[in-house]
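Containing compact mmCIF, C-alpha atoms: my_file-v7.txt.
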# COMPACT_ATOMS: atom_id res chain seq x y z
CA MET B 1 40.96 -0.03 4.95
CA LYS B 2 39.03 0.92 8.08
CA ARG B 3 37.43 3.92 6.28
CA LEU B 4 36.40 1.73 3.37
CA THR B 5 34.75 -0.77 5.73
CA LEU B 6 32.87 2.00 7.57
CA ALA B 7 31.74 3.53 4.28
CA ALA B 8 30.49 0.15 3.05
CA VAL B 9 28.56 -0.48 6.28
CA ALA B 10 27.01 3.02 6.12
CA ALA B 11 25.98 2.50 2.49
CA LEU B 12 24.36 -0.85 3.30
CA CYS B 13 22.45 0.70 6.19
CA LEU B 14 21.06 3.43 3.93
CA ILE B 15 20.05 0.91 1.28
CA SER B 16 18.31 -1.29 3.86
CA PHE B 17 16.10 1.63 4.96
CA ALA B 18 15.40 2.90 1.46
CA GLU B 19 12.18 0.97 0.93
CA VAL B 20 9.72 -1.22 2.78
CA PRO B 21 10.23 -4.80 1.58
CA LEU B 22 7.32 -6.55 -0.11
CA MET B 23 5.24 -8.73 2.18
CA THR B 24 5.01 -12.43 1.38
CA PRO B 25 1.58 -13.92 0.58
CA GLU B 26 1.66 -15.55 4.02
CA GLN B 27 2.42 -12.23 5.75
CA LEU B 28 -0.33 -10.46 3.82
CA LYS B 29 -2.88 -13.11 4.78
CA GLU B 30 -1.81 -13.14 8.43
CA GLN B 31 -1.77 -9.36 8.91
CA ALA B 32 -4.94 -8.49 6.97
CA SER B 33 -8.21 -8.23 8.84
CA HIS B 34 -10.01 -8.67 5.49
CA ILE B 35 -9.07 -9.93 2.03
CA VAL B 36 -11.34 -8.67 -0.75
CA ILE B 37 -11.49 -9.72 -4.39
CA GLY B 38 -13.09 -7.29 -6.81
CA LYS B 39 -12.91 -4.78 -9.61
CA VAL B 40 -11.79 -1.15 -9.34
CA VAL B 41 -14.73 1.14 -10.09
CA ALA B 42 -13.04 4.50 -9.39
CA VAL B 43 -9.93 6.06 -7.85
CA TYR B 44 -10.24 9.39 -6.00
CA SER B 45 -6.95 11.19 -5.30
CA TYR B 46 -5.58 14.40 -3.83
CA ASP B 47 -2.13 15.71 -2.95
CA GLU B 48 -1.14 16.89 0.50
CA GLY B 49 2.02 18.50 1.79
CA SER B 50 4.22 21.15 0.24
CA GLY B 51 7.71 21.83 -1.02
CA ASP B 52 9.83 18.71 -1.19
CA HIS B 53 7.40 16.54 0.76
CA VAL B 54 4.20 15.82 -1.17
CA THR B 55 2.08 12.68 -0.77
CA THR B 56 -0.76 11.57 -3.04
CA ARG B 57 -3.58 10.07 -0.99
CA SER B 58 -6.13 7.94 -2.82
CA ILE B 59 -9.33 6.08 -2.15
CA VAL B 60 -9.81 3.04 -4.36
CA GLU B 61 -13.48 2.14 -4.87
CA VAL B 62 -13.77 -1.63 -5.28
CA ALA B 63 -16.89 -3.58 -6.33
CA VAL B 64 -16.61 -6.69 -4.18
CA GLU B 65 -16.85 -9.99 -6.06
CA GLY B 66 -15.85 -12.11 -3.06
CA THR B 67 -13.92 -12.27 0.17
CA GLU B 68 -11.19 -14.61 1.39
CA LYS B 69 -10.92 -13.39 4.98
CA GLY B 70 -12.87 -11.31 7.45
CA GLU B 71 -16.52 -10.74 8.23
CA GLY B 72 -18.94 -7.96 7.39
CA LEU B 73 -18.10 -7.61 3.69
CA ALA B 74 -19.85 -9.51 0.92
CA ALA B 75 -20.07 -9.89 -2.84
CA GLY B 76 -22.19 -7.17 -4.42
CA GLU B 77 -21.04 -4.47 -2.00
CA VAL B 78 -18.67 -1.59 -2.69
CA VAL B 79 -15.71 -0.89 -0.40
CA TYR B 80 -13.32 2.06 -0.24
CA VAL B 81 -9.64 1.24 0.34
CA LYS B 82 -7.16 3.92 1.45
CA VAL B 83 -3.73 3.94 -0.25
CA TRP B 84 -0.93 6.49 -0.69
CA GLN B 85 2.11 7.24 -2.85
CA ALA B 86 5.12 9.47 -2.29
CA LYS B 87 4.87 12.09 -5.03
CA LYS B 88 7.84 14.25 -4.08
CA ARG B 89 10.54 13.80 -1.45
CA PRO B 90 13.69 15.77 -0.58
CA ALA B 91 16.99 14.80 -2.19
CA GLY B 92 18.60 11.98 -0.22
CA TRP B 93 15.32 10.96 1.41
CA ALA B 94 14.98 7.27 2.18
CA GLY B 95 11.80 5.51 3.23
CA ALA B 96 8.58 3.97 2.04
CA SER B 97 7.20 5.19 -1.27
CA GLY B 98 3.67 3.91 -0.73
CA HIS B 99 1.38 1.63 -2.70
CA SER B 100 1.05 0.82 -6.37
CA VAL B 101 -2.35 2.34 -7.09
CA PRO B 102 -4.54 0.24 -9.42
CA ALA B 103 -6.40 1.72 -12.37
CA VAL B 104 -10.14 1.80 -13.00
CA GLY B 105 -11.21 -1.57 -14.41
CA ASP B 106 -8.38 -3.54 -12.77
CA ALA B 107 -9.27 -6.84 -11.09
CA VAL B 108 -7.66 -6.66 -7.63
CA ARG B 109 -7.05 -8.57 -4.44
CA ALA B 110 -6.93 -6.18 -1.47
CA HIS B 111 -5.33 -7.18 1.83
CA VAL B 112 -6.63 -4.55 4.23
CA THR B 113 -6.92 -3.65 7.88
CA ARG B 114 -9.99 -2.01 9.38
CA GLY B 115 -9.27 1.14 11.35
CA LYS B 116 -11.01 2.16 14.57
CA ASP B 117 -13.15 4.49 12.45
CA GLY B 118 -14.24 1.57 10.24
CA SER B 119 -12.12 2.61 7.26
CA LEU B 120 -10.12 0.07 5.24
CA SER B 121 -6.41 0.63 4.52
CA ALA B 122 -4.26 -1.52 2.23
CA LEU B 123 -1.27 -3.13 3.90
CA LEU B 124 2.02 -1.47 2.95
CA PRO B 125 3.58 -1.80 0.44
CA ASN B 126 1.82 -4.51 -1.61
CA GLY B 127 -1.54 -4.90 0.10
CA ILE B 128 -3.47 -4.13 -3.07
CA GLY B 129 -2.63 -5.60 -6.44
CA PRO B 130 -3.70 -7.78 -9.34
CA GLN B 131 -5.75 -10.89 -8.65
CA LYS B 132 -3.53 -13.96 -8.83
Here is a file; write its structure as structure tokens.
Amino acid sequence: MKRLTLAAVAALCLISFAEVPLMTPEQLKEQASHIVIGKVVAVYSYDEGSGDHVTTRSIVEVAVEGTEKGEGLAAGEVVYVKVWQAKKRPAGWAGASGHSVPAVGDAVRAHVTRGKDGSLSALLPNGIGPQK
């Protein structure tokens, strides 16, 4: 019985670390430095890493139609939002798998943070998605 309990606890621990839980709308709004509404104009991607650990890094080009938070961005501008996806991971790997990358033409709401270098990164894991 003791072994079964330990095995169950270990399994639950692994499951709990398997993925980053989705952020609530309130968490997204609170943690974002900027919230941008717009349309995806282009997606530029490349793979990095090797072997069993490959990540697809993408830049999502968004034509801004409006903003809901933050200063310095305005309708009519174009912004570039950094996102990533796990492309390949070792067997048994547990952890974040990245963002759901929108397609060209998608209408999106992007909850982003501005880096020290001025770049914009989508909050993980659901900081960029369909307008709702």
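You can rank B:Gln131, B:Ser119, B:Thr55, B:Gln31 by their closest distance to Val81 in chain B using all atoms listed in the file, and at the top of that list sits B:Ser119.
The space separating CA of His111 in chain B from CA of Tyr46 in chain B comes to 22.3 Å.
Between Ile59 in chain B and the residues B:Lys87, B:Lys116, B:His99, B:Arg109, the shortest atom-to-atom distance, using all atoms listed in the file, involves B:His99.
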Between CA of Ala110 in chain B and CA of Leu73 in chain B - distance in Å to one decimal |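 Between CA of Leu73 in chain B and CA of Ala110 in chain B the gap is 12.4 Å.
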If you count only C-alpha atoms, which residues fall within 10 Å of Met23 in chain B, apart from same-chain ones fewer than 6 positions away, as a VMD selection string?
-> chain B and resid 29 31 123 to 127
Missing atoms in range 100-111 of chain B: can you complete it with N, CA and C atoms, as a JSON list (two decimals), in the frame of the given file?
[["chain", "number", "residue", "atom", "x", "y", "z"],
["B", 100, "SER", "N", 1.28, 0.76, -4.93],
["B", 100, "SER", "CA", 1.05, 0.82, -6.37],
["B", 100, "SER", "C", -0.46, 0.94, -6.53],
["B", 101, "VAL", "N", -0.91, 2.07, -7.03],
["B", 101, "VAL", "CA", -2.35, 2.34, -7.09],
["B", 101, "VAL", "C", -2.92, 1.73, -8.38],
["B", 102, "PRO", "N", -3.94, 0.86, -8.24],
["B", 102, "PRO", "CA", -4.54, 0.24, -9.42],
["B", 102, "PRO", "C", -5.35, 1.24, -10.23],
["B", 103, "ALA", "N", -5.61, 0.88, -11.47],
["B", 103, "ALA", "CA", -6.40, 1.72, -12.37],
["B", 103, "ALA", "C", -7.85, 1.25, -12.41],
["B", 104, "VAL", "N", -8.72, 2.15, -12.83],
["B", 104, "VAL", "CA", -10.14, 1.80, -13.00],
["B", 104, "VAL", "C", -10.23, 0.62, -13.97],
["B", 105, "GLY", "N", -11.02, -0.37, -13.60],
["B", 105, "GLY", "CA", -11.21, -1.57, -14.41],
["B", 105, "GLY", "C", -10.32, -2.73, -14.01],
["B", 106, "ASP", "N", -9.28, -2.46, -13.20],
["B", 106, "ASP", "CA", -8.38, -3.54, -12.77],
["B", 106, "ASP", "C", -9.10, -4.52, -11.84],
["B", 107, "ALA", "N", -8.81, -5.80, -12.01],
["B", 107, "ALA", "CA", -9.27, -6.84, -11.09],
["B", 107, "ALA", "C", -8.23, -6.93, -9.99],
["B", 108, "VAL", "N", -8.63, -6.74, -8.73],
["B", 108, "VAL", "CA", -7.66, -6.66, -7.63],
["B", 108, "VAL", "C", -7.99, -7.63, -6.49],
["B", 109, "ARG", "N", -6.94, -7.91, -5.73],
["B", 109, "ARG", "CA", -7.05, -8.57, -4.44],
["B", 109, "ARG", "C", -6.51, -7.55, -3.44],
["B", 110, "ALA", "N", -7.32, -7.18, -2.46],
["B", 110, "ALA", "CA", -6.93, -6.18, -1.47],
["B", 110, "ALA", "C", -6.80, -6.82, -0.10],
["B", 111, "HIS", "N", -5.60, -6.74, 0.46],
["B", 111, "HIS", "CA", -5.33, -7.18, 1.83],
["B", 111, "HIS", "C", -5.37, -5.92, 2.68]]
